[in-house]
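Take a look at the structure set out below.
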Amino acid sequence: MSDATVARHAAGPAQRSGPTGRRKVSKRQRTVRVLAPLVWIGPATALIGLVVVWPVVVMIRTSMQKVSSFGEISGGAGWNNFRHLFHELAFKGVVERTIIWVIVVVTVTMLVSLALAQLFNQSFPGRRITRWALIAPWAASVLMTAIVFKWMLTPGYGLIDILKHHLGLLPNLNGSAADPLGQAKSAMPWLMFVAVFVSLPFTTYTILAGLSTIPDEVYEAARVDGAGKWHTYRSITMPLLRPALTVATLINVMNVFNSFPIIWAMTHGQPGYTTTTTTVYMYILKGSDLGESAAMSVVNFGLIIVIVGLFLRFSRWKSEVE
Amino acid sequence: MSAIATPPFALDAPPARRKRRAGEGRPAWKTIVIVTAAYLIAFVFVFPYLDMIVTALRPQSELQSTSILPHHYTFAAFSSLWKTGLGQNLKVTLLVAGGATVLVLLVALPAAYYTARHRFRGRLAFLLLVLVTQMFQPTAMLVGIYREFFSFHLLNTVWSLILVNAGFNLAFAVWILNAYISSIPRELEEAAMVEGTGRLGALFRVTLPLALPGVVTALIFTFIAAWNEFIVALTLTQTPSRMPLTVAINGFIGAYSIEWQHLFAASVVATIPVIILFALIERRVINGLTAGSIK
């Protein structure tokens with residue numbers, strides 16, 4: 001926006017208040033013009049400051065403090081909390097697992113959503129109803145979805161065990177194979193499945209929104225030129241979908257990285273830290289050492305800042321508000 | 001920046017693409033494959049919630065049976081639900097979600113209106129702050145939130161939950177309201193002001209009614225998000241009677257004998273209303289979440 005436009009619009013409201021008969025002395029008018037924005041956006045800024053910005057400051061400060069298990073601060077800790085954190089036996093595994101967790105869940109979500117969006121973008125009888133069904137895991141609390149899946153995975157009589165039993169895949173309903181959440185090698189895939197399940201609706205809807213921006217004429221032109229279906233998809237649909245895909249990927253990375261209720265409700269990060277991500281680890285540490293937990297949060301925060309930066313760069317927010 | 005060039009209610013208008021008739025230019029078998037696949041997938045997506053309802057209706061004696069559907073159904077879990085103290089937790093959830101929604105409306109509406117109608121110094125900085133907030137989740141700064149409310153002596157109160165939920169959902173509301181108000185021509189408001197309604201009169205009689213779909217979307221979205229919120233409530237509440245439904249329901253799992261049918265009766269109460277509410281705003285949510293990047 002050019003300076004001239006700014007000036008024109010800054011002058012706008014004052015001129016318009018003329019006809020309403022509220023003409024005031026010019027000095028007062030000037031004060032009003034400077035303070036007016038504060039009246040309108042002040043409360044919102046204050047709320048964000050109180051609930052979003054200040055906790056970040058407190059968190060960073062706490063990461064440099066020695067905090068007793070009763071929550072009392074007993075002086076500075078320097079970088080000790082970080083040093084303790086990095087030397088935890090579980091730390092390396094937790095970080096590696098978090099990276100795998102984010103990459104697998106987001107990649108699978110994006111691929112499945114692309115296919116789902118392609119399907120639900122067709123016109124067919126009952127499309128509206130089926131699209132509504134799709135939003136259920138998005139609207140419902142992630143915690144509730146996780147609890148239902150935990151119930152369906154209950155060893156011995158959960159629905160998934162029973163179905164596997166009926167299909168002959170699980171002969172013994174009391175064996176260890178009947179408790180997928182209790183085994184390190186099957187717990188993580190199930191958690192990932194649930195994480196993908198709750199991420200699909202938002203992602204699919206974002207891609208559907210992206211698809212609806214592509215004009216039919218483009219496809220018609222491709223048809224006239226004799227381009228095949230797959231070729232059209234690769235050279236027209238995919239490039240035009242890029243903004244939707246980028247934004248959906250970044251929002252998903254953020255959500256999946258911060259994902260807590262699924263793991264907490266289904267496994268509490270167990271057995272033996274094998275399903276613990278850095279977010280869950282931060283929560284577990286909170287129970288024993290608040291300073292170290294804050295250090296873990298600060299490490300997490302570094303990554304979050306990077307994702308936010310990328311989001312700001314790729315989302316065209318400025319053109320949206322100008 | 002052309003409120004005039006943008007048609008009003010652009011967000012609500014049907015997509016500009018030509019409507020194709022169902023199955024046009026497609027062999028019948030393809031339509032059958034598409035419809036079958038779509039209904040199967042739709043079933044998979046609602047399946048966990050159907051199982052939630054079925055379990056809530058299962059009699060106690062059939063909870064551990066290996067039949068896929070119960071032989072009898074009973075509403076006993078729903079009628080005895082209130083005796084378990086969950087009524088109190090539902091009240092907390094309603095207070096938190098309602099309180100956060102009112103607070104968001106009070107704070108977001110003026111900000112969205114002013115940033116849509118005026119260009120002033122700090123406007124872009126404010127909108128940037130809002131957008132950054134939208135990307136953040138309370139999980140990321142949980143320790144800070146906990147310590148802050150600890151020092152305010154606000155742990156275990158409804159107020160702390162209202163404030164946090166309002167703060168983190170404010171961004172979505174500001175963003176979507178800003179887009180709606182920007183799409184309403186300034187001239188409509190000016191005409192009303194010429195007729196002598198004054199600035200606030202024009203805002204309440206012209207702008208707000210026209211931006212109503214945006215207001216409703218922001219309200220429902222905030223309500224659902226606060227209703228579903230878990231980790232902040234888990235961290236900030238300690239007494240069972242002060243916990244919202246999500247934390248109380250999660251508490252059921254830790255108990256020695258899980259009363260699954262009560263758990264699921266409560267889950268049905270906590271889940272089904274929000275799914276229906278969400279269906280009302282579904283079409284308008286994406287724009288708010290992606291900051292209008294996809295259009």
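Ligands are numbered from 1 in the order shown, residues from 1 within each chain, and chains are lettered A, B, ... in the order they appear in the structure tokens.
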Could you write out, as a count of residues only, all the residues of stretch 22-270 of chain A that DSSP marks as strand (DSSP E)?
7
Any idea what's packed within 7 Å of stretch 127-135 of chain B, counting only C-alpha atoms, ignoring anything in its chain fewer than 4 positions away? Could you give it as a PyMOL selection string?
(chain A and resi 308) or (chain B and resi 123+168+171-172)
Would you save the residues from that selection as a PDB file, in the first residue's frame, using C-alpha atoms?
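The resulting file, again_25.pdb, is reproduced below:
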```
ATOM      1  CA  VAL A 308       4.992 -19.996  11.477  1.00  0.00           C
TER       2      VAL A 308
ATOM      3  CA  ARG B 123      -2.735  -1.955  11.222  1.00  0.00           C
ATOM      4  CA  PHE B 168      -6.417 -18.583  21.146  1.00  0.00           C
ATOM      5  CA  ALA B 171      -7.516 -14.800  15.613  1.00  0.00           C
ATOM      6  CA  PHE B 172      -9.941 -16.900  13.594  1.00  0.00           C
TER       7      PHE B 172
END
```
DSSP says alpha helix (DSSP H) for which residues of stretch 23-213 of chain A? Put them as a PyMOL selection string?
chain A and resi 26-48+54-62+80-87+91-120+127-134+136-139+142-152+159-166+184-211
So that I have them on file, write out the residues from the current selection with C-alpha atoms, as a CSV table (one decimal), in the first residue's frame.
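What follows is the written file part04.csv:
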```csv
chain,number,residue,atom,x,y,z
A,26,SER,CA,-9.4,20.3,15.6
A,27,LYS,CA,-7.0,19.6,18.5
A,28,ARG,CA,-9.4,17.2,20.1
A,29,GLN,CA,-10.0,15.6,16.7
A,30,ARG,CA,-6.3,15.0,16.4
A,31,THR,CA,-6.1,13.3,19.7
A,32,VAL,CA,-9.1,11.2,18.9
A,33,ARG,CA,-7.5,10.2,15.6
A,34,VAL,CA,-4.4,8.9,17.4
A,35,LEU,CA,-6.3,7.2,20.1
A,36,ALA,CA,-9.2,5.8,18.1
A,37,PRO,CA,-7.4,2.7,16.9
A,38,LEU,CA,-6.5,1.9,20.5
A,39,VAL,CA,-10.1,1.9,21.6
A,40,TRP,CA,-11.0,-0.6,18.8
A,41,ILE,CA,-8.1,-2.9,18.7
A,42,GLY,CA,-6.8,-2.4,22.2
A,43,PRO,CA,-8.9,-5.1,23.9
A,44,ALA,CA,-7.9,-7.7,21.3
A,45,THR,CA,-4.2,-6.8,21.6
A,46,ALA,CA,-4.4,-6.9,25.4
A,47,LEU,CA,-6.1,-10.4,25.3
A,48,ILE,CA,-3.4,-11.7,22.9
A,54,TRP,CA,3.2,-13.3,28.0
A,55,PRO,CA,3.2,-17.1,28.6
A,56,VAL,CA,6.0,-17.3,26.0
A,57,VAL,CA,8.0,-14.9,28.1
A,58,VAL,CA,7.2,-16.7,31.3
A,59,MET,CA,8.1,-20.1,29.7
A,60,ILE,CA,11.5,-18.9,28.4
A,61,ARG,CA,12.2,-17.4,31.9
A,62,THR,CA,11.1,-20.6,33.6
A,80,ASN,CA,21.3,-26.5,33.5
A,81,ASN,CA,17.7,-27.4,32.6
A,82,PHE,CA,18.7,-27.7,29.0
A,83,ARG,CA,21.8,-29.7,29.9
A,84,HIS,CA,19.7,-32.1,32.0
A,85,LEU,CA,17.2,-32.4,29.2
A,86,PHE,CA,19.8,-33.2,26.5
A,87,HIS,CA,21.3,-35.9,28.8
A,91,PHE,CA,15.7,-37.6,24.8
A,92,LYS,CA,17.3,-38.8,21.6
A,93,GLY,CA,14.6,-41.4,21.0
A,94,VAL,CA,11.9,-38.9,21.7
A,95,VAL,CA,13.2,-36.4,19.2
A,96,GLU,CA,13.7,-39.1,16.5
A,97,ARG,CA,10.2,-40.4,17.1
A,98,THR,CA,8.7,-36.9,16.8
A,99,ILE,CA,10.4,-36.4,13.5
A,100,ILE,CA,9.1,-39.7,12.2
A,101,TRP,CA,5.6,-39.0,13.7
A,102,VAL,CA,5.3,-35.7,11.9
A,103,ILE,CA,6.7,-36.8,8.6
A,104,VAL,CA,4.6,-40.0,8.4
A,105,VAL,CA,1.3,-38.6,9.6
A,106,VAL,CA,1.5,-35.4,7.4
A,107,THR,CA,2.6,-37.3,4.3
A,108,VAL,CA,-0.1,-40.0,4.6
A,109,THR,CA,-2.7,-37.3,5.4
A,110,MET,CA,-1.8,-35.3,2.3
A,111,LEU,CA,-1.8,-38.3,-0.1
A,112,VAL,CA,-5.0,-39.7,1.2
A,113,SER,CA,-6.7,-36.2,1.2
A,114,LEU,CA,-5.6,-35.7,-2.4
A,115,ALA,CA,-7.4,-38.9,-3.4
A,116,LEU,CA,-10.5,-38.1,-1.2
A,117,ALA,CA,-10.7,-34.6,-2.6
A,118,GLN,CA,-10.6,-35.9,-6.2
A,119,LEU,CA,-13.5,-38.3,-5.3
A,120,PHE,CA,-15.7,-35.8,-3.5
A,127,ARG,CA,-22.6,-35.8,-2.5
A,128,ARG,CA,-23.7,-33.3,0.1
A,129,ILE,CA,-24.6,-36.0,2.7
A,130,THR,CA,-21.3,-37.8,2.2
A,131,ARG,CA,-19.3,-34.6,2.5
A,132,TRP,CA,-21.1,-33.9,5.8
A,133,ALA,CA,-20.1,-37.3,7.1
A,134,LEU,CA,-16.5,-36.4,6.3
A,136,ALA,CA,-17.4,-35.6,11.9
A,137,PRO,CA,-13.8,-36.2,13.0
A,138,TRP,CA,-13.0,-32.6,12.5
A,139,ALA,CA,-15.9,-31.2,14.6
A,142,VAL,CA,-9.8,-35.2,19.1
A,143,LEU,CA,-9.9,-36.5,22.7
A,144,MET,CA,-13.3,-38.2,22.1
A,145,THR,CA,-12.1,-39.8,18.9
A,146,ALA,CA,-9.0,-41.1,20.6
A,147,ILE,CA,-11.1,-42.5,23.4
A,148,VAL,CA,-13.4,-44.4,21.0
A,149,PHE,CA,-10.4,-45.8,19.2
A,150,LYS,CA,-8.9,-46.9,22.5
A,151,TRP,CA,-12.3,-48.6,23.3
A,152,MET,CA,-12.3,-50.3,19.9
A,159,LEU,CA,-14.5,-54.2,18.2
A,160,ILE,CA,-11.3,-54.4,16.2
A,161,ASP,CA,-10.2,-57.6,18.1
A,162,ILE,CA,-13.6,-59.1,17.5
A,163,LEU,CA,-13.6,-58.3,13.8
A,164,LYS,CA,-10.1,-59.7,13.5
A,165,HIS,CA,-11.2,-62.8,15.4
A,166,HIS,CA,-14.3,-63.3,13.1
A,184,ALA,CA,5.8,-51.0,21.2
A,185,LYS,CA,5.7,-52.1,17.5
A,186,SER,CA,1.9,-51.9,17.0
A,187,ALA,CA,1.1,-49.0,19.3
A,188,MET,CA,2.8,-46.3,17.2
A,189,PRO,CA,1.1,-47.3,13.9
A,190,TRP,CA,-2.3,-47.2,15.6
A,191,LEU,CA,-1.6,-43.7,17.0
A,192,MET,CA,-0.5,-42.6,13.6
A,193,PHE,CA,-3.7,-44.0,12.1
A,194,VAL,CA,-5.8,-42.0,14.5
A,195,ALA,CA,-3.8,-38.9,13.9
A,196,VAL,CA,-4.3,-39.3,10.1
A,197,PHE,CA,-8.0,-40.0,10.6
A,198,VAL,CA,-8.6,-36.7,12.5
A,199,SER,CA,-6.4,-34.7,10.1
A,200,LEU,CA,-8.1,-35.9,6.9
A,201,PRO,CA,-11.3,-33.7,7.0
A,202,PHE,CA,-9.6,-30.3,7.2
A,203,THR,CA,-7.0,-31.3,4.6
A,204,THR,CA,-9.6,-32.7,2.2
A,205,TYR,CA,-11.7,-29.6,2.6
A,206,THR,CA,-8.8,-27.3,2.0
A,207,ILE,CA,-7.9,-29.2,-1.2
A,208,LEU,CA,-11.5,-29.2,-2.3
A,209,ALA,CA,-11.5,-25.4,-1.8
A,210,GLY,CA,-8.3,-25.3,-3.9
A,211,LEU,CA,-9.9,-27.5,-6.7
```
Counting only C-alpha atoms, which residues of stretch 112-230 of chain B fall within 8 Å of stretch 273-290 of chain A, and what is the closest atom pair for each with its distance in Å at one decimal, ordered by chain and rising number, as a tab-separated table?
```
residue	atom	partner	partner_atom	distance
B:Thr139	CA	A:Thr279	CA	7.6
B:Ala140	CA	A:Thr279	CA	7.8
B:Val143	CA	A:Leu290	CA	7.5
```
Distance of atom CA of B:Thr222 from atom CA of B:Leu105, expressed in Å to one decimal place
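Atom CA of B:Thr222 lies 9.3 Å from atom CA of B:Leu105.
The space separating atom CA of A:Gly78 from atom CA of A:Ala294 comes to 12.8 Å.
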